[in-house]
Each structure stands twice: as structure tokens, then as C-alpha cells.
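Structure, as C-alpha cells:
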Amino acid sequence: IIPKMTDDTYTDGYGTWVATVFKLWDSTDKAMYAFDRDLETLFSTGLDENKNPTMPCYVQIEIPSNKQFYIDGYTIVPGKSPPTTWKLQGSDDGENWETVDSQSNQSLDTEKSYYDYSVPLHKAYKYYRLFMTEYQSGKVRCNLYEFNLYGYSKDDVTVTYPSPSPSPSPSPDP
């Protein structure tokens, strides 16, 4: 669903997408690295004032205001220190979050491999985020090469109603 982003704010035919991360490793990192479809760039979490990795952290996407996407899955491409426990969350306002999927004790052992997760059908949200609470022990920071959502736009759904077959008999009077 999320386009190949070239900046933290990206505009395409659907509208403007906004990527954010809480907290980045350093000033050279960008949230869009999670959405740029480039396995040579990755985003990493930051450090607190005591130089400890900041957990929890998240990567978030804001959907253009004129679109609604229903999510039925997502993918994660781990870096060398991937998350092990997280929630996929959705929000209408960016403040109040509902959990769409929850994973714990995951072993994303193969760097630059795609790990796919399916989710039950939920409502369409304006914001989606991967809220990570734990990552591989012994690592300095948590990082990902890519995060993306699978699903469809409500505009892509066509509902058709079949004509009865055979036709009712006798035909109703007007």
C-alpha cells in the first residue's frame, strides 16, 4: 500500500503520505528509510540520555486524507538488530491507538529477508504504526530495512448484485 517514499513527506496521485519514527538513531536517519524499498538503507532507533536504546519506539505512516486502506497484512525486513516484540496499531487521529496485530518473541534471523504477517480484516485507519517494545538482546539498537502494509483501497472494491436466475415467475406487476 505504502508507495516508494523518497522523503519523510511524499506526495503521489493519492495525496500526501507522512512517515515518522520515534526516536531515530541520529540526525542522518530518516523515517522514510522504512518505506523507500531500498535494502541498502535502514532506520534505527535512538539512544536515551544514558546511551541506552530507546524502547518502546515506532515507525508510523499517515495515509493521505482522501484515501482509506483496509489492511490484511504487513511485511517487515529486518536489519542486524530487529524487533522481537511489537504491535501493528491503527488510529484515526494519531493519538488514540487500536491494536490490529500483536507479535512477541519473534526470531527475524535472516537480515534483508521479508517476513509477512496476516491480520484479520479491520476498519480503515488514517495512521498505522509498528510499535516495537523489545528487540534482539545484545544489540546496540533496533533497526529495520523495510516495513509495509498489504491491503486494498475502499475505492477498489466493487459490489455487484446478481440477477436472479431463473427470473421469478410470474413477473411482478409494476
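Convention: chains lettered A, B, ... in C-alpha cells order; per-chain residue numbering from 1; ligands numbered from 1 as shown.
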Name all residues at most 7 Å from Leu88 of chain A (count only C-alpha atoms; drop same-chain ones fewer than 4 positions away) and give them as a PDB file with C-alpha atoms, in the first residue's frame.
```pdb
ATOM      1  CA  THR A  99      -4.026  -2.862  18.168  1.00  0.00           C
ATOM      2  CA  VAL A 100      -4.557  -4.624  14.833  1.00  0.00           C
ATOM      3  CA  ASP A 101      -1.925  -7.349  15.407  1.00  0.00           C
ATOM      4  CA  SER A 102       0.446  -8.298  18.205  1.00  0.00           C
ATOM      5  CA  ARG A 129       2.376   2.275  13.124  1.00  0.00           C
ATOM      6  CA  LEU A 130       4.657  -0.582  14.070  1.00  0.00           C
ATOM      7  CA  PHE A 131       5.053  -0.089  17.828  1.00  0.00           C
TER       8      PHE A 131
END
```
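Excluding Gly79 of chain A itself and any same-chain residue fewer than 6 positions from it, the protein and nucleic acid residues within 6 Å of it, counting only C-alpha atoms, are Glu111, Asn143, Leu144 and Tyr145 of chain A.
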Save out the residues we just selected, C-alpha atoms, as a PDB file, in the first residue's frame.
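Once written, result_21.pdb looks like this:
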```pdb
ATOM      1  CA  GLU A 111      18.736  -9.951   7.586  1.00  0.00           C
ATOM      2  CA  ASN A 143      16.570  -1.435  13.155  1.00  0.00           C
ATOM      3  CA  LEU A 144      14.578  -2.365  10.071  1.00  0.00           C
ATOM      4  CA  TYR A 145      15.196  -2.074   6.345  1.00  0.00           C
TER       5      TYR A 145
END
```
Excluding same-chain residues fewer than 5 positions from Asn66 of chain A, what lies within 10 Å of it counting only C-alpha atoms, as a PDB file with all heavy atoms, in the first residue's frame?
```
ATOM      1  N   TYR A  14      -2.305   9.691  -4.965  1.00  0.00           N
ATOM      2  CA  TYR A  14      -3.277   9.522  -3.886  1.00  0.00           C
ATOM      3  C   TYR A  14      -3.338  10.730  -2.971  1.00  0.00           C
ATOM      4  O   TYR A  14      -4.331  10.982  -2.321  1.00  0.00           O
ATOM      5  CB  TYR A  14      -2.941   8.294  -3.033  1.00  0.00           C
ATOM      6  CG  TYR A  14      -3.206   6.982  -3.718  1.00  0.00           C
ATOM      7  CD1 TYR A  14      -2.173   6.075  -3.913  1.00  0.00           C
ATOM      8  CD2 TYR A  14      -4.479   6.634  -4.138  1.00  0.00           C
ATOM      9  CE1 TYR A  14      -2.418   4.849  -4.526  1.00  0.00           C
ATOM     10  CE2 TYR A  14      -4.724   5.414  -4.746  1.00  0.00           C
ATOM     11  CZ  TYR A  14      -3.692   4.530  -4.938  1.00  0.00           C
ATOM     12  OH  TYR A  14      -3.933   3.337  -5.535  1.00  0.00           O
ATOM     13  N   GLY A  15      -2.213  11.461  -2.837  1.00  0.00           N
ATOM     14  CA  GLY A  15      -2.136  12.575  -1.901  1.00  0.00           C
ATOM     15  C   GLY A  15      -0.794  12.557  -1.186  1.00  0.00           C
ATOM     16  O   GLY A  15       0.181  12.021  -1.689  1.00  0.00           O
ATOM     17  N   THR A  16      -0.766  13.115   0.029  1.00  0.00           N
ATOM     18  CA  THR A  16       0.484  13.236   0.779  1.00  0.00           C
ATOM     19  C   THR A  16       0.551  12.194   1.885  1.00  0.00           C
ATOM     20  O   THR A  16      -0.357  12.073   2.706  1.00  0.00           O
ATOM     21  CB  THR A  16       0.606  14.653   1.381  1.00  0.00           C
ATOM     22  OG1 THR A  16       0.586  15.595   0.309  1.00  0.00           O
ATOM     23  CG2 THR A  16       1.906  14.811   2.151  1.00  0.00           C
ATOM     24  N   LYS A 126      -6.493   6.196   9.491  1.00  0.00           N
ATOM     25  CA  LYS A 126      -5.729   7.306   8.910  1.00  0.00           C
ATOM     26  C   LYS A 126      -4.238   7.116   9.167  1.00  0.00           C
ATOM     27  O   LYS A 126      -3.398   7.516   8.367  1.00  0.00           O
ATOM     28  CB  LYS A 126      -6.220   8.624   9.525  1.00  0.00           C
ATOM     29  CG  LYS A 126      -5.376   9.831   9.203  1.00  0.00           C
ATOM     30  CD  LYS A 126      -5.862  10.505   7.977  1.00  0.00           C
ATOM     31  CE  LYS A 126      -5.110  11.809   7.772  1.00  0.00           C
ATOM     32  NZ  LYS A 126      -4.548  11.913   6.477  1.00  0.00           N
TER      33      LYS A 126
END
```
Review point. Pick from A:Cys142, A:Val77, A:Val119, A:Ala31: nearest to Ala19 of chain A, with only C-alpha atoms counted?
Key: A:Ala31
Review point. Closest to Phe22 of chain A among A:Lys112, A:Ser104, A:Phe69, A:Met132, using only C-alpha atoms?
Key: A:Met132
Check your understanding: Residues at most 9 Å from Asp92 of chain A, counting only C-alpha atoms, excluding those fewer than 6 positions away in the same chain, as JSON, numbers by chain?
Key -> {"A": [124, 125, 126, 127]}
Using only N, CA and C atoms, please write the residues we just selected to a file, as a tab-separated table (two decimals), in the first residue's frame.
```tsv
chain	number	residue	atom	x	y	z
A	124	ALA	N	-10.59	0.79	8.25
A	124	ALA	CA	-9.50	1.58	7.65
A	124	ALA	C	-9.14	2.70	8.61
A	125	TYR	N	-7.85	2.92	8.81
A	125	TYR	CA	-7.36	3.96	9.70
A	125	TYR	C	-6.62	5.03	8.91
A	126	LYS	N	-6.49	6.20	9.49
A	126	LYS	CA	-5.73	7.31	8.91
A	126	LYS	C	-4.24	7.12	9.17
A	127	TYR	N	-3.89	6.51	10.29
A	127	TYR	CA	-2.50	6.29	10.69
A	127	TYR	C	-2.30	4.81	11.01
```
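Atom to atom, atom CA of Asp156 of chain A and atom CA of Ile1 of chain A stand 12.2 Å apart.
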**Study point:** Distance in Å - atom CA of Leu39 of chain A versus atom CA of Pro3 of chain A
**Key:** 15.1 Å
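Put simply, atom CA of Thr85 of chain A is 6.7 Å away from atom CA of Tyr135 of chain A.
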Exercise for review: Fewer than 3 positions away in the same chain doesn't count, so skip those; otherwise give me all residues within 9 Å of Glu98 of chain A, counting only C-alpha atoms, as a list of chain:residue names.
Suggested key: A:Leu88, A:Gln89, A:Gly90, A:Ser91
Dump all heavy atoms for the selected residues as a PDB file, in the first residue's frame?
```pdb
ATOM      1  N   LEU A  88       1.139  -3.965  15.604  1.00  0.00           N
ATOM      2  CA  LEU A  88       0.690  -3.141  14.497  1.00  0.00           C
ATOM      3  C   LEU A  88      -0.548  -2.434  15.016  1.00  0.00           C
ATOM      4  O   LEU A  88      -1.488  -3.082  15.490  1.00  0.00           O
ATOM      5  CB  LEU A  88       0.360  -3.971  13.263  1.00  0.00           C
ATOM      6  CG  LEU A  88      -0.227  -3.179  12.090  1.00  0.00           C
ATOM      7  CD1 LEU A  88       0.799  -2.186  11.539  1.00  0.00           C
ATOM      8  CD2 LEU A  88      -0.703  -4.114  10.996  1.00  0.00           C
ATOM      9  N   GLN A  89      -0.532  -1.094  14.961  1.00  0.00           N
ATOM     10  CA  GLN A  89      -1.631  -0.315  15.507  1.00  0.00           C
ATOM     11  C   GLN A  89      -2.201   0.631  14.467  1.00  0.00           C
ATOM     12  O   GLN A  89      -1.490   1.059  13.558  1.00  0.00           O
ATOM     13  CB  GLN A  89      -1.162   0.489  16.721  1.00  0.00           C
ATOM     14  CG  GLN A  89      -0.679  -0.386  17.865  1.00  0.00           C
ATOM     15  CD  GLN A  89      -0.196   0.420  19.041  1.00  0.00           C
ATOM     16  OE1 GLN A  89       0.567   1.358  18.890  1.00  0.00           O
ATOM     17  NE2 GLN A  89      -0.643   0.041  20.235  1.00  0.00           N
ATOM     18  N   GLY A  90      -3.477   0.959  14.616  1.00  0.00           N
ATOM     19  CA  GLY A  90      -4.150   1.906  13.747  1.00  0.00           C
ATOM     20  C   GLY A  90      -4.801   3.000  14.573  1.00  0.00           C
ATOM     21  O   GLY A  90      -5.183   2.776  15.728  1.00  0.00           O
ATOM     22  N   SER A  91      -4.915   4.189  13.968  1.00  0.00           N
ATOM     23  CA  SER A  91      -5.515   5.322  14.658  1.00  0.00           C
ATOM     24  C   SER A  91      -6.212   6.226  13.649  1.00  0.00           C
ATOM     25  O   SER A  91      -5.750   6.382  12.519  1.00  0.00           O
ATOM     26  CB  SER A  91      -4.435   6.116  15.401  1.00  0.00           C
ATOM     27  OG  SER A  91      -4.961   7.298  15.958  1.00  0.00           O
TER      28      SER A  91
END
```
